[in-house]
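**Student:** Here you go, input.cif (mmCIF, C-alpha atoms, pLDDT in the B column; chains and numbers go by the auth columns):
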```cif
data_upload
loop_
_atom_site.group_PDB
_atom_site.id
_atom_site.type_symbol
_atom_site.label_atom_id
_atom_site.label_comp_id
_atom_site.label_asym_id
_atom_site.label_seq_id
_atom_site.Cartn_x
_atom_site.Cartn_y
_atom_site.Cartn_z
_atom_site.B_iso_or_equiv
_atom_site.auth_seq_id
_atom_site.auth_asym_id
ATOM 1 C CA MET A 1 -19.097 -0.152 12.323 79.00 2 A
ATOM 2 C CA ASP A 2 -17.122 -3.367 12.845 84.00 3 A
ATOM 3 C CA ASN A 3 -15.018 -2.993 16.015 89.00 4 A
ATOM 4 C CA GLN A 4 -11.822 -4.360 14.465 89.00 5 A
ATOM 5 C CA PHE A 5 -12.176 -1.990 11.504 90.00 6 A
ATOM 6 C CA LEU A 6 -12.716 1.067 13.707 93.00 7 A
ATOM 7 C CA ILE A 7 -9.970 0.213 16.191 93.00 8 A
ATOM 8 C CA ALA A 8 -7.516 0.028 13.301 93.00 9 A
ATOM 9 C CA PHE A 9 -8.083 3.759 12.758 94.00 10 A
ATOM 10 C CA LEU A 10 -7.694 4.513 16.473 94.00 11 A
ATOM 11 C CA ARG A 11 -4.449 2.539 16.676 92.00 12 A
ATOM 12 C CA GLY A 12 -3.120 4.107 13.487 90.00 13 A
ATOM 13 C CA CYS A 13 -3.819 7.564 14.956 91.00 14 A
ATOM 14 C CA LYS A 14 -2.384 6.735 18.398 91.00 15 A
ATOM 15 C CA TYR A 15 -5.896 6.890 19.878 94.00 16 A
ATOM 16 C CA SER A 16 -6.541 10.497 18.911 95.00 17 A
ATOM 17 C CA LEU A 17 -10.275 10.485 18.237 94.00 18 A
ATOM 18 C CA GLU A 18 -10.163 13.620 16.061 95.00 19 A
ATOM 19 C CA LYS A 19 -7.289 12.288 13.925 94.00 20 A
ATOM 20 C CA ALA A 20 -9.060 8.936 13.569 94.00 21 A
ATOM 21 C CA LYS A 21 -12.269 10.645 12.418 94.00 22 A
ATOM 22 C CA LYS A 22 -10.364 12.684 9.822 92.00 23 A
ATOM 23 C CA LYS A 23 -8.500 9.632 8.571 94.00 24 A
ATOM 24 C CA LEU A 24 -11.709 7.589 8.327 94.00 25 A
ATOM 25 C CA ASP A 25 -13.342 10.421 6.370 92.00 26 A
ATOM 26 C CA GLY A 26 -10.285 10.623 4.106 92.00 27 A
ATOM 27 C CA PHE A 27 -10.365 6.835 3.645 94.00 28 A
ATOM 28 C CA TYR A 28 -13.863 6.931 2.142 93.00 29 A
ATOM 29 C CA THR A 29 -13.442 10.297 0.443 92.00 30 A
ATOM 30 C CA MET A 30 -10.546 8.935 -1.633 92.00 31 A
ATOM 31 C CA ARG A 31 -12.417 5.718 -2.412 92.00 32 A
ATOM 32 C CA SER A 32 -15.558 7.506 -3.517 91.00 33 A
ATOM 33 C CA ASN A 33 -13.783 10.057 -5.705 89.00 34 A
ATOM 34 C CA PHE A 34 -11.037 7.865 -7.181 90.00 35 A
ATOM 35 C CA PRO A 35 -12.557 4.368 -7.481 88.00 36 A
ATOM 36 C CA ASP A 36 -10.171 3.483 -10.330 85.00 37 A
ATOM 37 C CA LEU A 37 -7.394 3.350 -7.723 86.00 38 A
ATOM 38 C CA PHE A 38 -8.994 2.803 -4.342 88.00 39 A
ATOM 39 C CA SER A 39 -12.037 0.601 -4.790 81.00 40 A
ATOM 40 C CA SER A 40 -11.859 -2.386 -2.436 74.00 41 A
ATOM 41 C CA PHE A 41 -13.092 -4.751 -5.165 81.00 42 A
ATOM 42 C CA VAL A 42 -10.934 -6.733 -7.607 87.00 43 A
ATOM 43 C CA ASP A 43 -12.569 -9.500 -9.621 89.00 44 A
ATOM 44 C CA GLU A 44 -11.439 -13.010 -8.735 90.00 45 A
ATOM 45 C CA GLN A 45 -9.711 -13.821 -12.033 92.00 46 A
ATOM 46 C CA THR A 46 -7.630 -10.640 -11.913 91.00 47 A
ATOM 47 C CA ALA A 47 -6.881 -11.053 -8.200 92.00 48 A
ATOM 48 C CA ARG A 48 -5.616 -14.615 -8.638 93.00 49 A
ATOM 49 C CA ALA A 49 -3.526 -13.631 -11.671 93.00 50 A
ATOM 50 C CA ILE A 50 -1.868 -10.786 -9.758 93.00 51 A
ATOM 51 C CA MET A 51 -1.221 -12.894 -6.664 94.00 52 A
ATOM 52 C CA ARG A 52 0.360 -15.648 -8.769 94.00 53 A
ATOM 53 C CA MET A 53 2.788 -13.136 -10.285 93.00 54 A
ATOM 54 C CA SER A 54 4.254 -12.832 -6.749 91.00 55 A
ATOM 55 C CA ILE A 55 4.873 -9.108 -7.128 94.00 56 A
ATOM 56 C CA GLY A 56 4.189 -8.540 -3.436 92.00 57 A
ATOM 57 C CA ALA A 57 4.272 -10.803 -0.397 93.00 58 A
ATOM 58 C CA HIS A 58 3.292 -10.100 3.210 94.00 59 A
ATOM 59 C CA LEU A 59 5.729 -12.328 5.072 96.00 60 A
ATOM 60 C CA PRO A 60 4.399 -14.312 8.054 94.00 61 A
ATOM 61 C CA LEU A 61 7.215 -13.551 10.545 94.00 62 A
ATOM 62 C CA PRO A 62 7.287 -9.903 11.659 94.00 63 A
ATOM 63 C CA LEU A 63 10.565 -8.049 12.171 95.00 64 A
ATOM 64 C CA GLY A 64 11.188 -9.037 15.787 89.00 65 A
ATOM 65 C CA GLU A 65 8.698 -10.557 18.204 83.00 66 A
ATOM 66 C CA ASP A 66 6.416 -7.512 18.335 85.00 67 A
ATOM 67 C CA GLY A 67 7.773 -5.687 15.319 91.00 68 A
ATOM 68 C CA PRO A 68 6.265 -4.475 12.069 94.00 69 A
ATOM 69 C CA ARG A 69 4.938 -6.683 9.283 95.00 70 A
ATOM 70 C CA ILE A 70 7.518 -7.191 6.518 96.00 71 A
ATOM 71 C CA VAL A 71 6.303 -6.710 2.952 96.00 72 A
ATOM 72 C CA LEU A 72 8.428 -7.921 0.036 97.00 73 A
ATOM 73 C CA MET A 73 7.717 -5.927 -3.131 96.00 74 A
ATOM 74 C CA ARG A 74 9.082 -6.773 -6.608 96.00 75 A
ATOM 75 C CA PRO A 75 8.052 -3.998 -9.031 93.00 76 A
ATOM 76 C CA GLY A 76 9.977 -5.581 -11.917 93.00 77 A
ATOM 77 C CA HIS A 77 8.335 -8.990 -11.483 94.00 78 A
ATOM 78 C CA TYR A 78 5.418 -8.620 -13.902 93.00 79 A
ATOM 79 C CA ASP A 79 4.894 -8.196 -17.637 93.00 80 A
ATOM 80 C CA PRO A 80 3.892 -4.560 -18.310 93.00 81 A
ATOM 81 C CA ASP A 81 2.418 -5.611 -21.672 92.00 82 A
ATOM 82 C CA VAL A 82 -0.130 -7.747 -19.811 90.00 83 A
ATOM 83 C CA ILE A 83 -1.051 -5.712 -16.739 90.00 84 A
ATOM 84 C CA SER A 84 -0.513 -2.213 -15.382 89.00 85 A
ATOM 85 C CA MET A 85 1.059 -1.164 -12.099 89.00 86 A
ATOM 86 C CA TYR A 86 -2.224 0.515 -11.168 88.00 87 A
ATOM 87 C CA GLU A 87 -4.166 -2.754 -11.376 90.00 88 A
ATOM 88 C CA ILE A 88 -1.535 -4.206 -9.072 92.00 89 A
ATOM 89 C CA MET A 89 -1.796 -1.249 -6.688 89.00 90 A
ATOM 90 C CA LYS A 90 -5.575 -1.635 -6.587 89.00 91 A
ATOM 91 C CA MET A 91 -5.014 -5.217 -5.454 92.00 92 A
ATOM 92 C CA ASP A 92 -2.682 -3.873 -2.780 91.00 93 A
ATOM 93 C CA VAL A 93 -5.498 -1.614 -1.508 90.00 94 A
ATOM 94 C CA LEU A 94 -7.669 -4.709 -1.089 90.00 95 A
ATOM 95 C CA VAL A 95 -4.920 -6.650 0.719 92.00 96 A
ATOM 96 C CA ASN A 96 -4.418 -3.728 3.105 91.00 97 A
ATOM 97 C CA ASP A 97 -8.126 -3.944 3.969 91.00 98 A
ATOM 98 C CA TRP A 98 -7.669 -7.594 4.880 92.00 99 A
ATOM 99 C CA LEU A 99 -4.666 -6.760 7.053 91.00 100 A
ATOM 100 C CA MET A 100 -6.613 -4.067 8.923 91.00 101 A
ATOM 101 C CA LEU A 101 -9.136 -6.744 9.914 90.00 102 A
ATOM 102 C CA GLU A 102 -6.701 -9.630 10.489 90.00 103 A
ATOM 103 C CA ASP A 103 -3.211 -8.540 11.415 91.00 104 A
ATOM 104 C CA ASP A 104 -2.470 -6.825 14.736 86.00 105 A
ATOM 105 C CA HIS A 105 1.264 -6.786 13.985 85.00 106 A
ATOM 106 C CA CYS A 106 0.516 -4.663 10.962 90.00 107 A
ATOM 107 C CA VAL A 107 -2.044 -2.364 12.588 90.00 108 A
ATOM 108 C CA VAL A 108 -0.074 -1.789 15.803 91.00 109 A
ATOM 109 C CA SER A 109 3.506 -1.834 14.502 92.00 110 A
ATOM 110 C CA GLY A 110 3.101 -0.915 10.833 92.00 111 A
ATOM 111 C CA PHE A 111 4.973 -2.070 7.733 93.00 112 A
ATOM 112 C CA VAL A 112 8.596 -2.421 6.752 96.00 113 A
ATOM 113 C CA HIS A 113 8.987 -2.670 2.975 97.00 114 A
ATOM 114 C CA ILE A 114 11.834 -4.597 1.349 98.00 115 A
ATOM 115 C CA ILE A 115 11.696 -3.641 -2.328 97.00 116 A
ATOM 116 C CA ASP A 116 13.623 -5.662 -4.919 97.00 117 A
ATOM 117 C CA PHE A 117 14.066 -3.726 -8.183 95.00 118 A
ATOM 118 C CA ALA A 118 15.597 -6.654 -10.114 95.00 119 A
ATOM 119 C CA ASN A 119 14.311 -6.719 -13.731 93.00 120 A
ATOM 120 C CA PHE A 120 12.693 -3.287 -13.407 92.00 121 A
ATOM 121 C CA SER A 121 12.777 -1.954 -16.967 91.00 122 A
ATOM 122 C CA ALA A 122 11.946 1.068 -19.087 90.00 123 A
ATOM 123 C CA LYS A 123 8.568 -0.549 -19.898 92.00 124 A
ATOM 124 C CA HIS A 124 7.732 -0.640 -16.213 91.00 125 A
ATOM 125 C CA MET A 125 8.858 2.958 -15.836 88.00 126 A
ATOM 126 C CA LEU A 126 6.643 4.156 -18.703 88.00 127 A
ATOM 127 C CA GLN A 127 3.553 3.124 -16.736 88.00 128 A
ATOM 128 C CA PHE A 128 4.429 5.741 -14.124 84.00 129 A
ATOM 129 C CA GLN A 129 1.876 8.596 -14.034 82.00 130 A
ATOM 130 C CA PRO A 130 2.733 11.408 -11.591 80.00 131 A
ATOM 131 C CA ALA A 131 -0.897 12.434 -10.949 81.00 132 A
ATOM 132 C CA ARG A 132 -1.942 8.914 -10.015 84.00 133 A
ATOM 133 C CA MET A 133 1.166 8.319 -7.938 83.00 134 A
ATOM 134 C CA LYS A 134 0.441 11.480 -5.994 84.00 135 A
ATOM 135 C CA ARG A 135 -3.007 10.172 -5.075 88.00 136 A
ATOM 136 C CA ILE A 136 -1.546 6.816 -4.034 88.00 137 A
ATOM 137 C CA VAL A 137 1.072 8.422 -1.796 86.00 138 A
ATOM 138 C CA TYR A 138 -1.558 10.699 -0.276 87.00 139 A
ATOM 139 C CA TYR A 139 -3.915 7.779 0.389 90.00 140 A
ATOM 140 C CA SER A 140 -1.124 5.793 2.067 89.00 141 A
ATOM 141 C CA GLU A 141 -0.085 8.682 4.289 87.00 142 A
ATOM 142 C CA GLU A 142 -3.355 10.475 5.053 88.00 143 A
ATOM 143 C CA ALA A 143 -6.174 7.942 4.646 92.00 144 A
ATOM 144 C CA LEU A 144 -4.768 4.492 5.467 93.00 145 A
ATOM 145 C CA PRO A 145 -4.461 3.770 9.209 92.00 146 A
ATOM 146 C CA ILE A 146 -1.382 1.556 8.744 91.00 147 A
ATOM 147 C CA ARG A 147 1.998 3.276 9.063 89.00 148 A
ATOM 148 C CA VAL A 148 5.037 2.518 6.898 91.00 149 A
ATOM 149 C CA LYS A 149 8.055 2.496 9.214 93.00 150 A
ATOM 150 C CA ALA A 150 10.772 2.064 6.578 96.00 151 A
ATOM 151 C CA SER A 151 11.287 1.151 2.911 96.00 152 A
ATOM 152 C CA HIS A 152 14.519 -0.635 1.992 97.00 153 A
ATOM 153 C CA LEU A 153 15.260 -0.541 -1.754 96.00 154 A
ATOM 154 C CA PHE A 154 17.843 -2.805 -3.387 97.00 155 A
ATOM 155 C CA ASN A 155 18.955 -4.185 -6.769 95.00 156 A
ATOM 156 C CA THR A 156 18.422 -0.703 -8.170 93.00 157 A
ATOM 157 C CA GLY A 157 19.814 0.433 -11.525 85.00 158 A
ATOM 158 C CA SER A 158 19.688 3.303 -13.980 84.00 159 A
ATOM 159 C CA THR A 159 15.965 2.835 -14.726 84.00 160 A
ATOM 160 C CA PHE A 160 15.202 3.052 -11.020 86.00 161 A
ATOM 161 C CA GLU A 161 17.302 6.191 -10.696 85.00 162 A
ATOM 162 C CA THR A 162 15.194 7.829 -13.427 84.00 163 A
ATOM 163 C CA ILE A 163 11.837 7.033 -11.868 82.00 164 A
ATOM 164 C CA PHE A 164 13.079 7.835 -8.368 84.00 165 A
ATOM 165 C CA GLY A 165 14.098 11.253 -9.631 83.00 166 A
ATOM 166 C CA LEU A 166 10.566 11.755 -10.993 79.00 167 A
ATOM 167 C CA MET A 167 8.908 10.545 -7.789 81.00 168 A
ATOM 168 C CA LYS A 168 10.986 12.437 -5.246 82.00 169 A
ATOM 169 C CA PRO A 169 9.312 15.839 -5.749 81.00 170 A
ATOM 170 C CA LEU A 170 5.915 14.170 -5.238 77.00 171 A
ATOM 171 C CA LEU A 171 6.819 12.647 -1.877 83.00 172 A
ATOM 172 C CA PRO A 172 6.302 14.289 1.510 85.00 173 A
ATOM 173 C CA ASP A 173 9.532 14.771 3.467 88.00 174 A
ATOM 174 C CA LYS A 174 8.573 12.140 6.048 88.00 175 A
ATOM 175 C CA VAL A 175 8.214 9.535 3.275 88.00 176 A
ATOM 176 C CA LYS A 176 11.593 10.413 1.771 89.00 177 A
ATOM 177 C CA GLU A 177 13.202 10.142 5.207 92.00 178 A
ATOM 178 C CA ARG A 178 11.950 6.562 5.556 93.00 179 A
ATOM 179 C CA MET A 179 13.316 5.413 2.169 94.00 180 A
ATOM 180 C CA ILE A 180 16.787 3.846 2.120 95.00 181 A
ATOM 181 C CA VAL A 181 18.496 2.870 -1.156 94.00 182 A
ATOM 182 C CA HIS A 182 21.015 0.132 -0.350 96.00 183 A
ATOM 183 C CA PRO A 183 24.249 -0.385 -2.324 94.00 184 A
ATOM 184 C CA ASN A 184 24.348 -4.145 -1.635 96.00 185 A
ATOM 185 C CA MET A 185 22.528 -6.936 0.196 97.00 186 A
ATOM 186 C CA GLU A 186 24.879 -6.823 3.190 97.00 187 A
ATOM 187 C CA SER A 187 23.608 -3.303 3.793 97.00 188 A
ATOM 188 C CA VAL A 188 19.993 -4.539 3.611 98.00 189 A
ATOM 189 C CA TYR A 189 20.672 -7.372 6.067 98.00 190 A
ATOM 190 C CA GLU A 190 21.892 -4.864 8.646 97.00 191 A
ATOM 191 C CA LYS A 191 18.321 -3.525 8.745 97.00 192 A
ATOM 192 C CA VAL A 192 16.358 -6.683 7.882 98.00 193 A
ATOM 193 C CA PRO A 193 18.373 -9.847 8.644 98.00 194 A
ATOM 194 C CA LEU A 194 18.412 -12.579 6.014 98.00 195 A
ATOM 195 C CA LYS A 195 16.301 -14.969 8.112 97.00 196 A
ATOM 196 C CA TYR A 196 13.323 -12.625 7.649 97.00 197 A
ATOM 197 C CA PHE A 197 13.414 -13.036 3.848 98.00 198 A
ATOM 198 C CA PRO A 198 11.454 -15.815 2.109 97.00 199 A
ATOM 199 C CA LYS A 199 13.147 -19.115 1.258 97.00 200 A
ATOM 200 C CA GLU A 200 13.653 -18.072 -2.374 96.00 201 A
ATOM 201 C CA TYR A 201 16.051 -15.377 -1.102 97.00 202 A
ATOM 202 C CA GLY A 202 17.867 -17.770 1.248 97.00 203 A
ATOM 203 C CA GLY A 203 15.790 -16.854 4.293 97.00 204 A
ATOM 204 C CA GLU A 204 13.442 -18.689 6.626 97.00 205 A
ATOM 205 C CA ASN A 205 10.247 -16.632 6.323 97.00 206 A
ATOM 206 C CA SER A 206 7.965 -19.035 4.422 96.00 207 A
ATOM 207 C CA SER A 207 8.042 -19.473 0.625 97.00 208 A
ATOM 208 C CA ILE A 208 6.477 -17.423 -2.150 95.00 209 A
ATOM 209 C CA ASP A 209 4.196 -20.333 -3.149 95.00 210 A
ATOM 210 C CA GLU A 210 2.898 -20.686 0.416 96.00 211 A
ATOM 211 C CA ILE A 211 2.219 -16.957 0.611 95.00 212 A
ATOM 212 C CA ILE A 212 0.335 -17.032 -2.713 95.00 213 A
ATOM 213 C CA ALA A 213 -1.855 -19.898 -1.450 96.00 214 A
ATOM 214 C CA ALA A 214 -2.611 -17.968 1.749 94.00 215 A
ATOM 215 C CA GLY A 215 -3.544 -14.881 -0.285 94.00 216 A
ATOM 216 C CA GLU A 216 -5.966 -16.834 -2.467 95.00 217 A
ATOM 217 C CA ALA A 217 -7.620 -18.266 0.670 95.00 218 A
ATOM 218 C CA MET A 218 -7.987 -14.728 2.049 94.00 219 A
ATOM 219 C CA TYR A 219 -9.729 -13.600 -1.150 93.00 220 A
ATOM 220 C CA ILE A 220 -12.356 -16.312 -0.670 95.00 221 A
ATOM 221 C CA LYS A 221 -12.752 -15.432 3.014 94.00 222 A
ATOM 222 C CA TYR A 222 -13.402 -11.757 2.235 92.00 223 A
ATOM 223 C CA ARG A 223 -15.820 -12.062 -0.686 90.00 224 A
ATOM 224 C CA GLU A 224 -18.730 -10.841 1.432 91.00 225 A
ATOM 225 C CA TYR A 225 -16.645 -7.975 2.813 89.00 226 A
ATOM 226 C CA MET A 226 -15.806 -6.809 -0.721 88.00 227 A
ATOM 227 C CA ALA A 227 -19.455 -6.910 -1.740 87.00 228 A
ATOM 228 C CA GLU A 228 -20.541 -4.944 1.347 89.00 229 A
ATOM 229 C CA GLU A 229 -17.683 -2.434 1.194 88.00 230 A
ATOM 230 C CA LYS A 230 -18.885 -1.232 -2.222 85.00 231 A
ATOM 231 C CA LEU A 231 -21.948 0.195 -0.452 88.00 232 A
ATOM 232 C CA TYR A 232 -19.924 2.675 1.616 91.00 233 A
ATOM 233 C CA GLY A 233 -18.456 6.028 0.682 91.00 234 A
ATOM 234 C CA THR A 234 -18.976 9.777 0.915 92.00 235 A
ATOM 235 C CA ASP A 235 -21.558 11.967 -0.772 92.00 236 A
ATOM 236 C CA GLU A 236 -19.697 15.224 -1.397 89.00 237 A
ATOM 237 C CA LYS A 237 -22.964 17.095 -2.043 90.00 238 A
ATOM 238 C CA LEU A 238 -23.762 16.664 1.656 91.00 239 A
ATOM 239 C CA ARG A 239 -20.385 17.830 2.976 90.00 240 A
ATOM 240 C CA PRO A 240 -20.684 20.959 5.198 89.00 241 A
ATOM 241 C CA GLY A 241 -18.770 24.038 4.094 86.00 242 A
ATOM 242 C CA LYS A 242 -16.836 24.417 0.874 83.00 243 A
ATOM 243 C CA PRO A 243 -16.563 21.443 -1.476 81.00 244 A
ATOM 244 C CA ILE A 244 -13.162 19.760 -1.650 81.00 245 A
ATOM 245 C CA ASP A 245 -11.066 21.063 -4.542 76.00 246 A
ATOM 246 C CA PHE A 246 -9.245 17.915 -5.628 76.00 247 A
ATOM 247 C CA GLU A 247 -7.471 19.696 -8.456 72.00 248 A
ATOM 248 C CA SER A 248 -5.737 22.012 -6.007 69.00 249 A
ATOM 249 C CA ILE A 249 -4.805 19.108 -3.718 70.00 250 A
ATOM 250 C CA PHE A 250 -3.420 16.865 -6.439 70.00 251 A
ATOM 251 C CA GLY A 251 -2.060 19.415 -8.890 60.00 252 A
ATOM 252 C CA LEU A 252 1.288 18.621 -10.505 48.00 253 A
ATOM 253 C CA ASP A 253 3.293 21.427 -8.948 43.00 254 A
ATOM 254 C CA GLY A 254 5.259 18.945 -6.868 41.00 255 A
ATOM 255 C CA SER A 255 3.632 19.644 -3.494 43.00 256 A
ATOM 256 C CA PHE A 256 0.758 18.274 -1.473 42.00 257 A
ATOM 257 C CA ARG A 257 -1.963 20.302 0.128 48.00 258 A
ATOM 258 C CA LYS A 258 -3.802 19.003 3.145 50.00 259 A
ATOM 259 C CA LEU A 259 -7.205 17.444 2.513 50.00 260 A
ATOM 260 C CA GLU A 260 -9.411 19.135 5.085 54.00 261 A
ATOM 261 C CA VAL A 261 -12.354 16.987 6.164 50.00 262 A
ATOM 262 C CA ASP A 262 -14.872 17.670 8.928 49.00 263 A
#
```
Take the structure I supplied and represent it as structure tokens, if you would.
**Tutor:**
Amino acid sequence: MDNQFLIAFLRGCKYSLEKAKKKLDGFYTMRSNFPDLFSSFVDEQTARAIMRMSIGAHLPLPLGEDGPRIVLMRPGHYDPDVISMYEIMKMDVLVNDWLMLEDDHCVVSGFVHIIDFANFSAKHMLQFQPARMKRIVYYSEEALPIRVKASHLFNTGSTFETIFGLMKPLLPDKVKERMIVHPNMESVYEKVPLKYFPKEYGGENSSIDEIIAAGEAMYIKYREYMAEEKLYGTDEKLRPGKPIDFESIFGLDGSFRKLEVD
């Protein structure tokens, strides 16, 4: 019932009370039924290890004075023999919780992703599981109150083309419309100027090491939140009407069905 938590849902739903209620229900429905992906708890050792791999970075300067939060993602920047992409995505769920409570740029203006596919290999691709990815895309679109405004993909190669071909049928049209595959960095800079990249990329938007340190401080700050958040969820036995048929929603026929919640 924290005000900042609840207002994040109202802002993300453009102050439609009914949409906010459905999204809040979906938020906890997904967490309760798929805790392997959407639990808001990651143990400290794993969290620090993932943050220090610098696979993702929420950059401190937004895109423009009142623009969206910029998120650098590097899906080829980890060892797939050591950790899975789904452990990393679970950490991302936790970070998004922090942003809902901390970051008005993110909640009001959303995200812009800049996704660097350098070093993305066949080993990374083999971790891809369509059923899990479908749940992740659904959660991002239908349960998370933070909107993705655009995703700019670069340094792509043949391995990326393979996995992108597998993912495309799983994505809603509005997600596909927001994804731009860039042929070169000049094309990226037309959308996200170089100064908004971190120093390691030649930009001015902090450094990866500074962002890692800030992330580790946030983990400590939100220890109590993580412990409390585990207490919340949905009890599907108490849901009015028909039970939710998750198999029909997340079947592998290449299409989504709407999760109806009251």
**Student:** Can you build me a table of range 13-94 of chain A residues sitting at most 10 Å from range 205-213 of chain A, with the closest atom pair per residue and its distance in Å to one decimal, using only C-alpha atoms, sorted by chain and residue number, as JSON lines?
**Tutor:**
```
{"residue": "A:Arg49", "atom": "CA", "partner": "A:Ile213", "partner_atom": "CA", "distance": 8.7}
{"residue": "A:Ile51", "atom": "CA", "partner": "A:Ile213", "partner_atom": "CA", "distance": 9.7}
{"residue": "A:Met52", "atom": "CA", "partner": "A:Ile213", "partner_atom": "CA", "distance": 5.9}
{"residue": "A:Arg53", "atom": "CA", "partner": "A:Ile213", "partner_atom": "CA", "distance": 6.2}
{"residue": "A:Met54", "atom": "CA", "partner": "A:Ile213", "partner_atom": "CA", "distance": 8.9}
{"residue": "A:Ser55", "atom": "CA", "partner": "A:Ile209", "partner_atom": "CA", "distance": 6.9}
{"residue": "A:Ile56", "atom": "CA", "partner": "A:Ile209", "partner_atom": "CA", "distance": 9.8}
{"residue": "A:Gly57", "atom": "CA", "partner": "A:Ile209", "partner_atom": "CA", "distance": 9.3}
{"residue": "A:Ala58", "atom": "CA", "partner": "A:Ile212", "partner_atom": "CA", "distance": 6.6}
{"residue": "A:His59", "atom": "CA", "partner": "A:Ile212", "partner_atom": "CA", "distance": 7.4}
{"residue": "A:Leu60", "atom": "CA", "partner": "A:Asn206", "partner_atom": "CA", "distance": 6.4}
{"residue": "A:Pro61", "atom": "CA", "partner": "A:Asn206", "partner_atom": "CA", "distance": 6.5}
{"residue": "A:Leu62", "atom": "CA", "partner": "A:Asn206", "partner_atom": "CA", "distance": 6.0}
{"residue": "A:Pro63", "atom": "CA", "partner": "A:Asn206", "partner_atom": "CA", "distance": 9.1}
{"residue": "A:Ile71", "atom": "CA", "partner": "A:Asn206", "partner_atom": "CA", "distance": 9.8}
{"residue": "A:Leu73", "atom": "CA", "partner": "A:Ile209", "partner_atom": "CA", "distance": 9.9}
```
**Student:** So that I can check the surroundings of range 27-35 of chain A, please list as number ranges by chain every protein, DNA and RNA residue that reaches within 9 Å of it, counting only C-alpha atoms and ignoring chain neighbours fewer than 2 positions away.
**Tutor:** A: 22-25, 37-41, 136, 140, 143-146, 233-237, 260-262
**Student:** Work out how far CA of Lys169 in chain A is from CA of Glu142 in chain A, in Å to one decimal.
**Tutor:**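 That distance, rounded to one decimal, is 15.1 Å.
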**Student:** Which value, in Å to one decimal, gives the distance between CA of Val149 in chain A and CA of Pro170 in chain A?
**Tutor:**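 That distance, rounded to one decimal, is 18.9 Å.
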**Student:** Check what the PyMOL selection byres ((chain A and resi 119) around 8) selects in the file above and give those residues as an mmCIF file with C-alpha atoms, in the frame of the given file.
**Tutor:**
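result05.cif written:
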```
data_model
loop_
_atom_site.group_PDB
_atom_site.id
_atom_site.type_symbol
_atom_site.label_atom_id
_atom_site.label_comp_id
_atom_site.auth_asym_id
_atom_site.auth_seq_id
_atom_site.Cartn_x
_atom_site.Cartn_y
_atom_site.Cartn_z
ATOM 1 C CA ARG A 75 9.082 -6.773 -6.608
ATOM 2 C CA GLY A 77 9.977 -5.581 -11.917
ATOM 3 C CA HIS A 78 8.335 -8.990 -11.483
ATOM 4 C CA ASP A 117 13.623 -5.662 -4.919
ATOM 5 C CA PHE A 118 14.066 -3.726 -8.183
ATOM 6 C CA ASN A 120 14.311 -6.719 -13.731
ATOM 7 C CA PHE A 121 12.693 -3.287 -13.407
ATOM 8 C CA ASN A 156 18.955 -4.185 -6.769
ATOM 9 C CA THR A 157 18.422 -0.703 -8.170
#
```
**Student:** Tell me which of A:Tyr220, A:Tyr87, A:Tyr79, A:Phe6 sits closest to Ile137 in chain A, counting all atoms listed in the file.
**Tutor:**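 Looking only at the distances to Ile137 in chain A, the closest residue turns out to be A:Tyr87.
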**Student:** Once the PyMOL selection byres ((chain A and resi 223) around 12) is applied to the coordinates I shared, what remains selected? I want it as a PDB file with C-alpha atoms, in the coordinates of the input.
**Tutor:**
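Listed below is the output, expr39.pdb:
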```pdb
ATOM      1  CA  SER A  41     -11.859  -2.386  -2.436  1.00 74.00           C
ATOM      2  CA  PHE A  42     -13.092  -4.751  -5.165  1.00 81.00           C
ATOM      3  CA  VAL A  43     -10.934  -6.733  -7.607  1.00 87.00           C
ATOM      4  CA  GLU A  45     -11.439 -13.010  -8.735  1.00 90.00           C
ATOM      5  CA  LEU A  95      -7.669  -4.709  -1.089  1.00 90.00           C
ATOM      6  CA  VAL A  96      -4.920  -6.650   0.719  1.00 92.00           C
ATOM      7  CA  ASP A  98      -8.126  -3.944   3.969  1.00 91.00           C
ATOM      8  CA  TRP A  99      -7.669  -7.594   4.880  1.00 92.00           C
ATOM      9  CA  LEU A 100      -4.666  -6.760   7.053  1.00 91.00           C
ATOM     10  CA  LEU A 102      -9.136  -6.744   9.914  1.00 90.00           C
ATOM     11  CA  GLU A 103      -6.701  -9.630  10.489  1.00 90.00           C
ATOM     12  CA  GLY A 216      -3.544 -14.881  -0.285  1.00 94.00           C
ATOM     13  CA  GLU A 217      -5.966 -16.834  -2.467  1.00 95.00           C
ATOM     14  CA  ALA A 218      -7.620 -18.266   0.670  1.00 95.00           C
ATOM     15  CA  MET A 219      -7.987 -14.728   2.049  1.00 94.00           C
ATOM     16  CA  TYR A 220      -9.729 -13.600  -1.150  1.00 93.00           C
ATOM     17  CA  ILE A 221     -12.356 -16.312  -0.670  1.00 95.00           C
ATOM     18  CA  LYS A 222     -12.752 -15.432   3.014  1.00 94.00           C
ATOM     19  CA  ARG A 224     -15.820 -12.062  -0.686  1.00 90.00           C
ATOM     20  CA  GLU A 225     -18.730 -10.841   1.432  1.00 91.00           C
ATOM     21  CA  TYR A 226     -16.645  -7.975   2.813  1.00 89.00           C
ATOM     22  CA  MET A 227     -15.806  -6.809  -0.721  1.00 88.00           C
ATOM     23  CA  ALA A 228     -19.455  -6.910  -1.740  1.00 87.00           C
ATOM     24  CA  GLU A 229     -20.541  -4.944   1.347  1.00 89.00           C
ATOM     25  CA  GLU A 230     -17.683  -2.434   1.194  1.00 88.00           C
TER      26      GLU A 230
END
```
**Student:** Given the file shown, enumerate the residues that the PyMOL selection byres ((chain A and resi 15) around 12) captures and present them as a PyMOL selection string.
**Tutor:** chain A and resi 8-14+16-21+24+108-110+146-148
**Student:** Please list as a list in words every residue within 7 Å of Ile115 in chain A, counting all atoms listed in the file and excluding residues in the same chain fewer than 2 positions away.
**Tutor:** Val72, Leu73, Met74, Val113, Asp117, Ser152, His153 and Leu154 of chain A
**Student:** Grab all the atoms of range 142-147 of chain A that the file lists, wrap them in a box along x, y and z, add 5 Å per side, and give me centre plus edge lengths in Å (one decimal) as lines of an AutoDock Vina configuration file.
**Tutor:**
```
center_x = -3.1
center_y = 6.0
center_z = 6.7
size_x = 16.1
size_y = 18.9
size_z = 14.9
```
